[in-house]
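Asks: One structure coming up, written as structure tokens, with questions to follow.
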Amino acid sequence: MTFPVHISVENKCENTSAITLLERFVEEAGKKFDLTISETPSGDTMNAEAVIAVPFADRENIRIDFNIYASEVEDEHGTGLYFHMESAF
């Protein structure tokens, strides 16, 4: 059984790209979790979104990793980046 999640990045700063940040998270998460991409990351420099699924047992771990990733990216690029994850049920 898998747990689907919708993830998105909104970018209001000029020094990075929302789609690049989202693709980077999906790539890193794919190395750690048995990840299934339900909706390929899409978007542009300002907004990006994807739907991924992880084993049900990893549903909290993927949220934790997403929050850590968001914090690291904000440290790297500054404010103006908004990360969102929610159940895709």
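The way I read the labels, and the way they are meant: chains A, B, ... in the order of the structure tokens, residue 1 as the first residue of every chain, and ligand 1 as the first ligand shown, with later ones counted on from there.
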According to DSSP computed on the backbone, where in chain A is there strand (DSSP E)? Give the residues as an MDAnalysis selection string.
Replies: chainID A and resid 2:11 36:43 47:55 81:87
Asks: Take the residues from that selection and write them out as a CSV table (one decimal), in the first residue's frame, keeping C-alpha atoms.
Replies:
```
chain,number,residue,atom,x,y,z
A,2,THR,CA,1.3,3.4,-0.9
A,3,PHE,CA,0.6,6.9,0.4
A,4,PRO,CA,0.2,9.6,-2.4
A,5,VAL,CA,1.2,13.2,-1.6
A,6,HIS,CA,0.9,16.4,-3.6
A,7,ILE,CA,4.0,18.6,-3.3
A,8,SER,CA,4.4,22.1,-4.6
A,9,VAL,CA,6.9,24.9,-4.5
A,10,GLU,CA,6.0,28.6,-5.0
A,11,ASN,CA,8.9,31.0,-5.7
A,36,THR,CA,6.6,6.3,-7.3
A,37,ILE,CA,6.0,9.4,-9.4
A,38,SER,CA,2.3,9.7,-10.1
A,39,GLU,CA,2.4,13.1,-11.7
A,40,THR,CA,5.8,14.2,-13.1
A,41,PRO,CA,7.1,17.5,-11.7
A,42,SER,CA,5.8,20.3,-13.9
A,43,GLY,CA,5.8,24.0,-13.7
A,47,ASN,CA,5.4,27.5,-9.4
A,48,ALA,CA,5.9,23.8,-9.6
A,49,GLU,CA,4.0,20.7,-8.5
A,50,ALA,CA,4.1,16.9,-8.5
A,51,VAL,CA,2.3,13.9,-7.1
A,52,ILE,CA,4.5,11.2,-5.6
A,53,ALA,CA,3.7,8.1,-3.6
A,54,VAL,CA,5.8,6.3,-1.0
A,55,PRO,CA,5.1,3.1,1.0
A,81,LEU,CA,10.1,30.2,-1.2
A,82,TYR,CA,7.0,28.4,-0.1
A,83,PHE,CA,6.9,24.6,0.2
A,84,HIS,CA,3.7,22.7,0.6
A,85,MET,CA,2.9,19.0,1.0
A,86,GLU,CA,-0.5,17.4,1.5
A,87,SER,CA,-2.2,14.0,1.1
```
Asks: May I have the residues within 12 Å of Lys12 in chain A as a ChimeraX atom specification, using only C-alpha atoms and disregarding those fewer than 4 positions away in the same chain?
Replies: /A:16-18,45-47,74,77-83
Asks: So which one's closest to Ala70 in chain A, A:Ala88, A:Leu21, A:Ala57, A:Val26? Using only C-alpha atoms, please.
Replies: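 For Ala70 in chain A, the nearest of the candidates is A:Leu21.
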Asks: List every residue of chain A that DSSP, applied to the backbone of this structure, places in helix (DSSP H, G or I), and write the result as a ChimeraX atom specification.
Replies: /A:18-32,56-77
Asks: Hey, can you check how far CA of Ile62 in chain A sits from CA of Leu35 in chain A?
Replies: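 These atoms are spaced 9.8 Å apart.
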Asks: Provide the CA of Tyr69 in chain A to CA of Ile19 in chain A distance in Å, to one decimal place.
Replies: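 Taking CA of Tyr69 in chain A as the start and CA of Ile19 in chain A as the end point, the length is 14.4 Å.
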Asks: When you draw a straight line from CA of Asp58 in chain A to CA of Asp44 in chain A, how long is it in Å?
Replies: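 Computing it gives 28.4 Å between the two atoms.
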